[in-house]
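Data from upload.txt: compact mmCIF, C-alpha atoms
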```
# COMPACT_ATOMS: atom_id res chain seq x y z
CA MET A 1 15.85 -84.92 -12.18
CA SER A 2 14.92 -82.61 -15.04
CA GLU A 3 11.43 -82.14 -13.56
CA ARG A 4 12.96 -81.10 -10.25
CA LYS A 5 15.29 -78.67 -12.02
CA GLY A 6 12.39 -77.23 -14.01
CA SER A 7 10.40 -76.75 -10.84
CA THR A 8 13.33 -74.90 -9.24
CA HIS A 9 13.64 -72.62 -12.26
CA LYS A 10 9.92 -71.82 -12.12
CA LYS A 11 10.18 -70.92 -8.43
CA LEU A 12 13.21 -68.74 -9.14
CA ARG A 13 11.40 -66.94 -11.97
CA LEU A 14 8.41 -66.40 -9.69
CA VAL A 15 10.60 -64.92 -6.94
CA LEU A 16 12.34 -62.64 -9.44
CA ALA A 17 8.99 -61.56 -10.88
CA ILE A 18 7.71 -60.70 -7.40
CA ILE A 19 10.87 -58.72 -6.60
CA LEU A 20 10.60 -56.84 -9.89
CA ALA A 21 6.94 -56.05 -9.24
CA VAL A 22 7.76 -54.69 -5.77
CA VAL A 23 10.56 -52.53 -7.19
CA ILE A 24 8.25 -51.15 -9.89
CA VAL A 25 5.51 -50.36 -7.38
CA CYS A 26 7.96 -48.66 -5.00
CA ALA A 27 9.51 -46.65 -7.81
CA GLY A 28 6.07 -45.58 -9.00
CA ALA A 29 5.02 -44.57 -5.49
CA PHE A 30 8.23 -42.55 -5.04
CA ALA A 31 7.72 -40.82 -8.39
CA VAL A 32 4.18 -39.83 -7.40
CA TYR A 33 5.43 -38.60 -4.01
CA VAL A 34 8.23 -36.38 -5.31
CA ASN A 35 6.15 -34.94 -8.15
CA ASP A 36 3.52 -33.75 -5.71
CA TYR A 37 5.31 -30.63 -4.50
CA TYR A 38 4.60 -26.96 -3.86
CA ARG A 39 5.28 -24.70 -6.84
CA ALA A 40 6.72 -21.20 -6.64
CA GLU A 41 4.17 -18.41 -7.03
CA GLU A 42 4.50 -15.57 -9.54
CA THR A 43 5.90 -13.29 -6.83
CA ALA A 44 8.84 -15.66 -6.49
CA VAL A 45 9.38 -15.78 -10.24
CA GLN A 46 9.54 -11.99 -10.35
CA ALA A 47 12.14 -11.99 -7.58
CA MET A 48 14.48 -13.91 -9.89
CA ALA A 49 14.79 -10.88 -12.17
CA VAL A 50 18.04 -8.94 -12.37
CA ASP A 51 18.12 -5.26 -11.47
CA GLY A 52 20.75 -2.68 -10.60
CA ALA A 53 20.95 -3.59 -6.92
CA VAL A 54 21.03 -7.39 -7.13
CA SER A 55 22.49 -9.73 -9.74
CA VAL A 56 20.75 -13.10 -10.08
CA TYR A 57 22.56 -15.85 -11.95
CA GLU A 58 23.17 -19.60 -12.02
CA LEU A 59 26.51 -20.68 -10.67
CA THR A 60 25.79 -24.28 -11.76
CA ASP A 61 22.64 -26.15 -12.74
CA SER A 62 21.72 -26.52 -9.06
CA LEU A 63 23.07 -23.27 -7.58
CA THR A 64 21.45 -19.86 -8.00
CA VAL A 65 23.22 -16.76 -6.72
CA PHE A 66 21.64 -13.52 -5.46
CA ALA A 67 24.57 -11.10 -5.36
CA PRO A 68 24.72 -7.51 -4.08
CA GLU A 69 27.38 -5.17 -5.40
CA GLU A 70 29.44 -5.25 -2.20
CA PRO A 71 28.60 -8.36 -0.15
CA LEU A 72 29.17 -8.25 3.59
CA ALA A 73 28.77 -12.01 4.09
CA GLY A 74 27.52 -15.14 2.35
CA LEU A 75 24.48 -17.32 3.07
CA ILE A 76 23.95 -20.81 1.65
CA PHE A 77 20.27 -21.79 1.71
CA TYR A 78 18.57 -25.20 1.63
CA PRO A 79 14.86 -25.18 0.58
CA GLY A 80 12.07 -26.86 2.51
CA GLY A 81 11.00 -30.40 1.68
CA LYS A 82 8.82 -30.79 -1.43
CA VAL A 83 8.98 -27.07 -2.16
CA GLU A 84 10.26 -25.68 -5.45
CA HIS A 85 13.55 -23.97 -4.68
CA THR A 86 12.68 -20.73 -6.46
CA ALA A 87 9.86 -20.16 -3.94
CA TYR A 88 12.56 -18.73 -1.67
CA ALA A 89 13.73 -16.13 -4.18
CA PRO A 90 11.92 -13.23 -2.40
CA LEU A 91 13.60 -14.10 0.91
CA LEU A 92 17.06 -14.39 -0.60
CA ARG A 93 16.66 -11.37 -2.82
CA THR A 94 15.71 -9.29 0.22
CA CYS A 95 18.81 -10.60 2.02
CA ALA A 96 20.91 -9.63 -1.00
CA GLU A 97 19.41 -6.14 -0.98
CA ARG A 98 20.70 -5.85 2.59
CA GLY A 99 24.22 -6.88 1.61
CA ILE A 100 24.30 -10.68 1.93
CA LEU A 101 25.33 -12.79 -1.05
CA CYS A 102 22.94 -15.75 -1.10
CA VAL A 103 23.39 -19.10 -2.81
CA LEU A 104 20.20 -21.12 -3.24
CA VAL A 105 20.74 -24.87 -3.56
CA GLN A 106 18.27 -26.80 -5.73
CA MET A 107 17.80 -30.24 -4.17
CA PRO A 108 17.20 -33.55 -5.96
CA CYS A 109 13.46 -34.27 -5.97
CA ASN A 110 13.06 -31.13 -3.80
CA LEU A 111 14.36 -33.04 -0.78
CA ALA A 112 17.44 -31.69 1.02
CA VAL A 113 17.98 -35.06 2.68
CA LEU A 114 19.12 -36.35 -0.73
CA ASN A 115 22.00 -33.84 -0.90
CA VAL A 116 23.05 -32.80 2.59
CA ASN A 117 26.48 -31.83 1.22
CA GLY A 118 25.05 -29.48 -1.39
CA ALA A 119 27.02 -26.62 0.18
CA ASP A 120 30.38 -28.23 -0.57
CA GLY A 121 32.81 -25.93 -2.37
CA ILE A 122 30.52 -22.90 -2.51
CA HIS A 123 32.54 -20.61 -0.25
CA GLU A 124 35.68 -21.39 -2.24
CA ARG A 125 34.06 -19.82 -5.32
CA PHE A 126 33.81 -16.49 -3.52
CA PRO A 127 37.22 -15.90 -1.90
CA GLU A 128 36.38 -12.23 -1.34
CA ILE A 129 33.78 -13.22 1.29
CA SER A 130 35.25 -14.16 4.67
CA HIS A 131 32.07 -14.79 6.68
CA TRP A 132 29.71 -17.60 5.67
CA TYR A 133 26.42 -18.82 7.09
CA ILE A 134 24.18 -21.71 6.17
CA GLY A 135 20.45 -21.98 6.69
CA GLY A 136 17.26 -23.51 5.47
CA HIS A 137 13.55 -23.90 5.90
CA SER A 138 11.93 -26.90 7.60
CA LEU A 139 13.66 -30.08 6.31
CA GLY A 140 16.18 -27.84 4.58
CA GLY A 141 17.02 -26.20 7.90
CA ALA A 142 17.57 -29.54 9.60
CA MET A 143 19.90 -30.65 6.81
CA ALA A 144 21.72 -27.31 6.88
CA ALA A 145 22.36 -27.80 10.61
CA SER A 146 23.59 -31.32 9.92
CA TYR A 147 26.02 -29.98 7.33
CA ALA A 148 27.17 -27.23 9.68
CA SER A 149 27.99 -29.74 12.42
CA GLY A 150 30.67 -31.23 10.18
CA HIS A 151 32.01 -27.94 8.78
CA VAL A 152 32.32 -25.65 11.78
CA ASN A 153 35.65 -24.27 10.57
CA GLU A 154 34.12 -23.05 7.32
CA LEU A 155 31.04 -21.31 8.75
CA ASP A 156 30.13 -18.52 11.14
CA GLY A 157 26.56 -19.48 11.85
CA VAL A 158 23.31 -21.31 11.12
CA VAL A 159 19.85 -19.95 10.32
CA LEU A 160 16.94 -22.25 11.17
CA LEU A 161 13.57 -21.29 9.71
CA ALA A 162 10.76 -23.40 11.21
CA ALA A 163 13.42 -26.05 11.73
CA TYR A 164 15.52 -27.69 14.41
CA SER A 165 18.90 -29.35 14.65
CA THR A 166 19.21 -33.06 15.34
CA GLU A 167 22.98 -32.60 15.60
CA ASP A 168 24.79 -31.31 18.68
CA LEU A 169 25.98 -27.76 17.99
CA THR A 170 26.53 -26.77 21.62
CA GLN A 171 30.33 -26.63 21.35
CA SER A 172 30.51 -25.67 17.69
CA GLY A 173 31.23 -21.99 18.21
CA LEU A 174 28.62 -21.20 15.57
CA ALA A 175 26.04 -18.47 15.94
CA VAL A 176 22.54 -19.90 15.66
CA CYS A 177 19.35 -17.99 14.89
CA SER A 178 16.09 -19.94 15.11
CA ILE A 179 12.98 -18.31 13.66
CA TYR A 180 9.41 -19.60 13.39
CA GLY A 181 5.89 -18.24 13.10
CA SER A 182 3.42 -18.25 15.98
CA GLU A 183 0.75 -19.80 13.72
CA ASP A 184 2.96 -22.60 12.39
CA GLY A 185 0.89 -25.77 12.17
CA VAL A 186 3.45 -27.95 10.39
CA MET A 187 6.58 -27.89 12.56
CA ASN A 188 6.58 -30.45 15.36
CA LYS A 189 6.78 -28.16 18.39
CA GLU A 190 7.60 -30.96 20.83
CA LYS A 191 10.60 -32.04 18.78
CA TYR A 192 11.56 -28.40 18.28
CA ASP A 193 11.56 -27.74 22.03
CA ALA A 194 13.49 -30.95 22.75
CA SER A 195 16.10 -30.06 20.13
CA LYS A 196 16.99 -26.79 21.86
CA ALA A 197 19.40 -28.86 23.92
CA ASN A 198 21.46 -29.24 20.72
CA LEU A 199 21.96 -25.49 20.33
CA PRO A 200 24.60 -23.21 21.89
CA ASP A 201 23.62 -21.29 25.01
CA ASP A 202 23.72 -18.00 23.08
CA ALA A 203 21.41 -19.21 20.30
CA VAL A 204 18.77 -16.63 19.43
CA GLU A 205 15.11 -17.59 19.08
CA PHE A 206 12.70 -15.24 17.35
CA VAL A 207 8.98 -15.90 17.05
CA ILE A 208 7.21 -14.02 14.27
CA VAL A 209 3.82 -13.10 15.68
CA GLY A 210 1.17 -14.01 13.12
CA GLY A 211 3.61 -15.88 10.90
CA CYS A 212 3.07 -19.42 9.61
CA HIS A 213 5.17 -22.28 8.27
CA ALA A 214 4.82 -21.44 4.59
CA GLY A 215 5.38 -17.72 5.08
CA PHE A 216 9.15 -17.96 4.65
CA GLY A 217 8.63 -18.78 0.98
CA CYS A 218 6.13 -17.89 -1.71
CA TYR A 219 4.43 -21.16 -2.65
CA GLY A 220 0.91 -20.75 -1.31
CA PRO A 221 -0.79 -22.40 1.68
CA GLN A 222 0.73 -25.62 3.01
CA ASP A 223 -1.31 -28.62 4.16
CA GLY A 224 -1.71 -28.66 7.94
CA ASP A 225 -0.40 -25.13 8.40
CA GLY A 226 -2.07 -22.51 10.59
CA THR A 227 -3.79 -19.41 9.23
CA PRO A 228 -1.29 -16.55 8.89
CA GLN A 229 -2.17 -13.22 10.44
CA ILE A 230 0.46 -11.33 8.47
CA SER A 231 1.58 -11.33 4.84
CA SER A 232 4.43 -13.44 3.54
CA GLU A 233 6.19 -10.19 2.67
CA ASP A 234 6.00 -9.06 6.28
CA GLN A 235 7.25 -12.43 7.52
CA ILE A 236 10.15 -12.36 5.08
CA ASN A 237 11.12 -8.82 6.06
CA GLN A 238 11.14 -9.71 9.76
CA THR A 239 13.20 -12.81 9.00
CA VAL A 240 15.77 -10.86 7.02
CA GLY A 241 15.99 -8.33 9.84
CA GLU A 242 16.97 -11.10 12.27
CA ILE A 243 19.49 -12.56 9.83
CA ILE A 244 21.09 -9.15 9.32
CA ARG A 245 21.22 -8.67 13.09
CA MET A 246 23.06 -11.97 13.53
CA VAL A 247 25.48 -11.30 10.69
CA GLY A 248 26.19 -7.80 12.00
CA HIS A 249 26.80 -9.10 15.50
CA ARG A 250 29.21 -11.79 14.33
CA GLY A 251 30.96 -9.50 11.89
```
Please re-express this file's structure in structure tokens.
Amino acid sequence: MSERKGSTHKKLRLVLAIILAVVIVCAGAFAVYVNDYYRAEETAVQAMAVDGAVSVYELTDSLTVFAPEEPLAGLIFYPGGKVEHTAYAPLLRTCAERGILCVLVQMPCNLAVLNVNGADGIHERFPEISHWYIGGHSLGGAMAASYASGHVNELDGVVLLAAYSTEDLTQSGLAVCSIYGSEDGVMNKEKYDASKANLPDDAVEFVIVGGCHAGFGCYGPQDGDGTPQISSEDQINQTVGEIIRMVGHRG
């Protein structure tokens, strides 16, 4: 009897050891995956500086604000997957220079899918702003659209940068602006085209001629992307122009 019990204990220890080994391997693989991300370039770091026109400050540990003196509207922004959040500082600073208060959400492990509700409570911190938009780049854009689908009464619109919505926004009443570069080699164009059925009939699509996937941020070339024919600065300026157009139209 004792031999049988000892054998059972050995089998149990073996099973537990195997489970532990699998957990350790998976955790190690995940750590390697999330630590291999795109870092913000020096241009992005410089865009975090404060000057007379735009105030840049941390609202919390995970929220950075780019605030103009007299904001016309607010934009909550989700970064692209595996991209350092500060890489989008030039884009958001340029928006702020045009009158939009921007709140950049830093995502856990640089993956917006791990904090889809990162926008919760932001608009309540700025009661002086009555018009709010949410947007994001790539994975961040998809997660921003997902958030918007459940908060249509709090938002005026959605900005999709090289991204598409997997949620049905057709009856949401939200303005939607979808922007991507003609040289984008990362975004799945088939899924993008199929997802148009999820957008309102008046959704605006703008293709930046010569733009690429990584051109919305400042983090260098991205694996699999096309070769840009314009500068990131040009792509950002065109993007901000479209965002301002949407905000002005809805305002």
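The protein and nucleic acid residues lying at most 10 Å from Ala44 of chain A are A:Arg39, A:Ala40, A:Glu41, A:Ala47, A:Met48, A:Ala49, A:His85, A:Thr86, A:Ala87, A:Tyr88, A:Ala89, A:Pro90, A:Leu91, A:Arg93, A:Gly217, A:Cys218, A:Tyr219, with all atoms listed in the file considered and sequence neighbours fewer than 3 positions away removed.
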> Could you pull the residues within 8 Å of segment 124-140 of chain A, counting all atoms listed in the file, minus those fewer than 3 positions along the same chain, as an MDAnalysis selection string?
Replying inline: chainID A and resid 71:81 111:113 121 143:145 148 154:164 187 216 251
> Between A:Asp193, A:Asp223, A:Glu42, A:Asp184, which is the closest to Ile208 of chain A once you count only C-alpha atoms?
Replying inline: A:Asp184
> Any idea what's packed within 6 Å of Ile179 of chain A, counting only C-alpha atoms, ignoring anything in its chain fewer than 5 positions away? Could you give it as a VMD selection string?
Replying inline: chain A and resid 161 205 to 207
Residues of segment 20-130 of chain A that have any atom at most 9 Å from an atom of segment 226-244 of chain A: could you tabulate them with the shortest-distance atom pair and the distance in Å to one decimal, using all atoms listed in the file, ordered by chain and increasing number, as CSV?
```
residue,atom,partner,partner_atom,distance
A:Pro90,CA,A:Ile236,CA,7.7
A:Leu91,CA,A:Ile236,CA,5.7
A:Leu92,CA,A:Val240,CA,8.5
A:Thr94,CA,A:Val240,CA,7.0
A:Cys95,CA,A:Val240,CA,5.9
A:Arg98,CA,A:Ile244,CA,7.5
A:Gly99,CA,A:Ile244,CA,8.6
A:Ile100,CA,A:Ile244,CA,8.2
```
May I have the selected residues written with C-alpha atoms, as a short mmCIF file (atom, residue, chain, number, x, y, z; two decimals), keeping the file's coordinate frame?
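Written out: result_21.cif:
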```cif
data_model
loop_
_atom_site.label_atom_id
_atom_site.label_comp_id
_atom_site.auth_asym_id
_atom_site.auth_seq_id
_atom_site.Cartn_x
_atom_site.Cartn_y
_atom_site.Cartn_z
CA PRO A 90 11.92 -13.23 -2.40
CA LEU A 91 13.60 -14.10 0.91
CA LEU A 92 17.06 -14.39 -0.60
CA THR A 94 15.71 -9.29 0.22
CA CYS A 95 18.81 -10.60 2.02
CA ARG A 98 20.70 -5.85 2.59
CA GLY A 99 24.22 -6.88 1.61
CA ILE A 100 24.30 -10.68 1.93
#
```
